[in-house]
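Pasted below: entry-v2.pdb, PDB, C-alpha atoms and all ligand atoms.
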ATOM      1  CA  MET A 197       0.000   0.000   0.000  1.00  0.00           C
ATOM      2  CA  THR A 198       1.367   3.428  -0.883  1.00  0.00           C
ATOM      3  CA  GLU A 199       1.794   6.036   1.778  1.00  0.00           C
ATOM      4  CA  GLU A 200      -0.348   9.144   1.573  1.00  0.00           C
ATOM      5  CA  TYR A 201       1.370  12.505   1.986  1.00  0.00           C
ATOM      6  CA  ILE A 202      -0.450  15.773   2.644  1.00  0.00           C
ATOM      7  CA  ARG A 203       0.874  19.216   1.699  1.00  0.00           C
ATOM      8  CA  VAL A 204       1.831  21.358   4.714  1.00  0.00           C
ATOM      9  CA  CYS A 205       3.395  24.537   3.290  1.00  0.00           C
ATOM     10  CA  ARG A 206       6.123  25.788   0.989  1.00  0.00           C
ATOM     11  CA  LEU A 207       9.699  25.170   2.065  1.00  0.00           C
ATOM     12  CA  ASP A 208      10.224  28.915   1.632  1.00  0.00           C
ATOM     13  CA  ASP A 209       7.564  29.539   4.305  1.00  0.00           C
ATOM     14  CA  LEU A 210       9.964  28.090   6.910  1.00  0.00           C
ATOM     15  CA  GLN A 211      12.973  29.802   8.463  1.00  0.00           C
ATOM     16  CA  GLU A 212      16.051  27.985   9.710  1.00  0.00           C
ATOM     17  CA  ALA A 213      16.113  27.426  13.474  1.00  0.00           C
ATOM     18  CA  ARG A 214      12.495  28.545  13.912  1.00  0.00           C
ATOM     19  CA  THR A 215       9.367  26.440  14.279  1.00  0.00           C
ATOM     20  CA  ARG A 216       5.914  27.009  12.873  1.00  0.00           C
ATOM     21  CA  VAL A 217       2.654  25.323  13.747  1.00  0.00           C
ATOM     22  CA  PHE A 218       0.222  24.031  11.135  1.00  0.00           C
ATOM     23  CA  GLU A 219      -3.064  22.210  11.581  1.00  0.00           C
ATOM     24  CA  ILE A 220      -3.166  19.286   9.183  1.00  0.00           C
ATOM     25  CA  GLY A 221      -5.784  16.547   9.211  1.00  0.00           C
ATOM     26  CA  GLY A 222      -7.070  17.728  12.584  1.00  0.00           C
ATOM     27  CA  LYS A 223      -3.594  17.526  14.164  1.00  0.00           C
ATOM     28  CA  GLN A 224      -1.428  20.372  15.435  1.00  0.00           C
ATOM     29  CA  LEU A 225       2.010  19.817  13.902  1.00  0.00           C
ATOM     30  CA  LEU A 226       5.244  21.552  14.821  1.00  0.00           C
ATOM     31  CA  VAL A 227       7.411  22.068  11.743  1.00  0.00           C
ATOM     32  CA  ALA A 228      11.125  22.887  11.773  1.00  0.00           C
ATOM     33  CA  ARG A 229      13.582  23.369   8.934  1.00  0.00           C
ATOM     34  CA  GLU A 230      17.279  22.579   8.810  1.00  0.00           C
ATOM     35  CA  LYS A 231      18.719  23.573   5.434  1.00  0.00           C
ATOM     36  CA  ASP A 232      16.557  21.672   2.911  1.00  0.00           C
ATOM     37  CA  GLN A 233      15.429  19.066   5.439  1.00  0.00           C
ATOM     38  CA  VAL A 234      12.123  19.426   7.305  1.00  0.00           C
ATOM     39  CA  TYR A 235      11.172  17.770  10.583  1.00  0.00           C
ATOM     40  CA  ILE A 236       7.665  17.487  11.969  1.00  0.00           C
ATOM     41  CA  ILE A 237       6.580  16.501  15.469  1.00  0.00           C
ATOM     42  CA  ASP A 238       3.384  16.763  17.492  1.00  0.00           C
ATOM     43  CA  ASN A 239       2.759  20.215  18.943  1.00  0.00           C
ATOM     44  CA  THR A 240       1.533  18.682  22.204  1.00  0.00           C
ATOM     45  CA  CYS A 241       4.096  18.069  24.933  1.00  0.00           C
ATOM     46  CA  THR A 242       4.221  14.541  26.353  1.00  0.00           C
ATOM     47  CA  HIS A 243       4.659  15.880  29.886  1.00  0.00           C
ATOM     48  CA  ASP A 244       1.274  17.478  30.512  1.00  0.00           C
ATOM     49  CA  ASN A 245      -0.165  18.231  27.078  1.00  0.00           C
ATOM     50  CA  GLY A 246       1.333  21.733  26.958  1.00  0.00           C
ATOM     51  CA  ILE A 247       1.367  23.491  23.596  1.00  0.00           C
ATOM     52  CA  ILE A 248       4.952  23.853  22.399  1.00  0.00           C
ATOM     53  CA  GLY A 249       4.071  26.419  19.729  1.00  0.00           C
ATOM     54  CA  ASP A 250       6.167  28.672  17.544  1.00  0.00           C
ATOM     55  CA  GLY A 251       9.661  29.227  18.798  1.00  0.00           C
ATOM     56  CA  LYS A 252      13.359  28.680  18.303  1.00  0.00           C
ATOM     57  CA  VAL A 253      15.264  25.488  17.610  1.00  0.00           C
ATOM     58  CA  ILE A 254      18.341  25.487  19.822  1.00  0.00           C
ATOM     59  CA  GLN A 255      21.013  22.873  19.176  1.00  0.00           C
ATOM     60  CA  GLY A 256      18.447  20.702  17.392  1.00  0.00           C
ATOM     61  CA  GLU A 257      15.927  20.848  20.219  1.00  0.00           C
ATOM     62  CA  VAL A 258      12.615  22.598  20.894  1.00  0.00           C
ATOM     63  CA  GLN A 259      11.474  23.565  24.354  1.00  0.00           C
ATOM     64  CA  CYS A 260       7.989  23.414  25.823  1.00  0.00           C
ATOM     65  CA  PRO A 261       7.311  26.833  27.359  1.00  0.00           C
ATOM     66  CA  ARG A 262       5.098  25.386  30.099  1.00  0.00           C
ATOM     67  CA  HIS A 263       7.658  23.569  32.285  1.00  0.00           C
ATOM     68  CA  GLY A 264      10.773  23.543  30.139  1.00  0.00           C
ATOM     69  CA  ALA A 265      10.910  20.015  28.706  1.00  0.00           C
ATOM     70  CA  ARG A 266      13.011  19.724  25.548  1.00  0.00           C
ATOM     71  CA  PHE A 267      12.643  17.403  22.559  1.00  0.00           C
ATOM     72  CA  ASP A 268      15.009  16.453  19.742  1.00  0.00           C
ATOM     73  CA  ILE A 269      13.371  17.828  16.607  1.00  0.00           C
ATOM     74  CA  LYS A 270      14.691  14.974  14.432  1.00  0.00           C
ATOM     75  CA  THR A 271      13.926  11.962  16.605  1.00  0.00           C
ATOM     76  CA  GLY A 272      11.273  13.280  19.000  1.00  0.00           C
ATOM     77  CA  ARG A 273      13.353  12.021  21.909  1.00  0.00           C
ATOM     78  CA  ALA A 274      12.650  13.640  25.285  1.00  0.00           C
ATOM     79  CA  MET A 275      15.948  15.341  26.179  1.00  0.00           C
ATOM     80  CA  GLN A 276      15.093  17.201  29.375  1.00  0.00           C
ATOM     81  CA  LEU A 277      12.774  16.640  32.320  1.00  0.00           C
ATOM     82  CA  PRO A 278       9.987  16.869  33.198  1.00  0.00           C
ATOM     83  CA  ALA A 279       9.107  15.042  29.943  1.00  0.00           C
ATOM     84  CA  ILE A 280      10.117  11.388  30.001  1.00  0.00           C
ATOM     85  CA  MET A 281       8.147  10.143  27.002  1.00  0.00           C
ATOM     86  CA  ASP A 282       9.298  10.862  23.457  1.00  0.00           C
ATOM     87  CA  ILE A 283       7.097  12.982  21.214  1.00  0.00           C
ATOM     88  CA  LYS A 284       5.526  11.638  18.014  1.00  0.00           C
ATOM     89  CA  THR A 285       7.431  12.335  14.806  1.00  0.00           C
ATOM     90  CA  TYR A 286       6.092  12.238  11.265  1.00  0.00           C
ATOM     91  CA  LYS A 287       7.662  11.309   7.946  1.00  0.00           C
ATOM     92  CA  THR A 288       8.225  14.285   5.685  1.00  0.00           C
ATOM     93  CA  MET A 289       9.441  14.991   2.192  1.00  0.00           C
ATOM     94  CA  VAL A 290       9.909  18.040   0.017  1.00  0.00           C
ATOM     95  CA  VAL A 291       8.537  17.841  -3.530  1.00  0.00           C
ATOM     96  CA  ASN A 292       9.058  20.776  -5.882  1.00  0.00           C
ATOM     97  CA  GLY A 293       9.363  23.121  -2.904  1.00  0.00           C
ATOM     98  CA  ASP A 294       6.235  21.789  -1.161  1.00  0.00           C
ATOM     99  CA  VAL A 295       6.634  20.301   2.324  1.00  0.00           C
ATOM    100  CA  MET A 296       4.640  17.068   2.611  1.00  0.00           C
ATOM    101  CA  VAL A 297       3.791  14.982   5.667  1.00  0.00           C
ATOM    102  CA  SER A 298       2.506  11.473   6.235  1.00  0.00           C
ATOM    103  CA  LEU A 299       0.165  11.242   9.221  1.00  0.00           C
ATOM    104  CA  LYS A 300       0.378   7.445   9.269  1.00  0.00           C
ATOM    105  CA  ARG A 301       1.074   5.895  12.684  1.00  0.00           C
ATOM    106  CA  TYR A 302       3.835   3.303  12.993  1.00  0.00           C
TER     107      TYR A 302
HETATM  108  S1  LIG B   1       3.617  20.478  29.621  1.00  0.00           S
HETATM  109 FE1  LIG B   1       5.494  20.645  28.550  1.00  0.00          FE
HETATM  110  S2  LIG B   1       6.999  20.634  30.075  1.00  0.00           S
HETATM  111 FE2  LIG B   1       5.144  20.374  31.154  1.00  0.00          FE
END
Could you render the structure from this file as structure tokens?
Ligand code: FES
Amino acid sequence: MTEEYIRVCRLDDLQEARTRVFEIGGKQLLVAREKDQVYIIDNTCTHDNGIIGDGKVIQGEVQCPRHGARFDIKTGRAMQLPAIMDIKTYKTMVVNGDVMVSLKRY
């Protein structure tokens, strides 16, 4: 079965080291760009469902503003307490300048 990808935005809509939030398929997705690579994770913190929101990517990590948990933007790994559970990541690709995401669960 082929995987279905949904358009999120243009690659040019994203700045390096900054995140943006998009609602796609009823999900709040946090999108970050590193050169021509795009990473997408859930926008909901695994600690206490805080909204991570727009912000900076610092040394490859995003920080939840609520209690300070940090997550690796590439792997979703919880890097700093109080979060202990990793955050969901999504497969992405860039096609002709369009950022695409697969919402499939693995
Ligand atoms: S809800 Fe994100 S650190 Fe607590």
*For ligand LIG 1 (chain B), list the contacting residues at 8 Å or closer, counting only C-alpha atoms and all ligand atoms, as a VMD selection string.*
chain A and resid 240 to 248 259 to 266 277 to 279
_Local residues around (12.7, 30.8, 13.7), at most 10 Å away, using only C-alpha atoms, as a list in words_ = Leu210, Gln211, Glu212, Ala213, Arg214, Thr215, Arg216, Ala228, Arg229, Asp250, Gly251, Lys252, Val253 and Ile254 of chain A
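Between A:Leu226 and the residues A:Val291, A:Ile269, A:Leu299, A:Gln255, the shortest atom-to-atom distance, using all atoms listed in the file, involves A:Ile269.
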*Non-local contacts of A:Tyr201 (12 Å; all atoms listed in the file; under 5 positions in same chain excluded) as an NGL selection string*: :A and (220-221 or 286-291 or 294-300)
*Output of the PyMOL selection byres (((chain A and resi 285) around 6) and not hetatm), listed as a ChimeraX atom specification*: /A:236-237,272,284,286
*Quick one: pull the distance between atom CA of A:Val217 and atom CA of A:Lys270, Å, one decimal.*
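Between atom CA of A:Val217 and atom CA of A:Lys270 the gap works out to 15.9 Å.
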Report the centre and edge lengths, in Å to one decimal, of an axis-aligned box enclosing every atom of stretch 256-273 of chain A listed in the file, padded by 4 Å on each side, as AutoDock Vina command-line options.
--center_x 11.8 --center_y 19.4 --center_z 23.4 --size_x 21.3 --size_y 22.9 --size_z 25.9
*Quick one: of A:Met281, A:Val227, A:Gly249, A:Arg273, who's nearest to A:Leu207, counting only C-alpha atoms?*
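When distances to A:Leu207 are compared using only C-alpha atoms, the smallest one comes from A:Val227.
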_Between atom CA of A:Met275 and atom CA of A:Ile202, what is the distance in Å, rounded to a tenth?_
28.7 Å
*Quote the spacing between atom CA of A:Asp209 and atom CA of A:Gln276 in Å to one decimal place.*
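Taking atom CA of A:Asp209 and atom CA of A:Gln276, their separation equals 28.9 Å.
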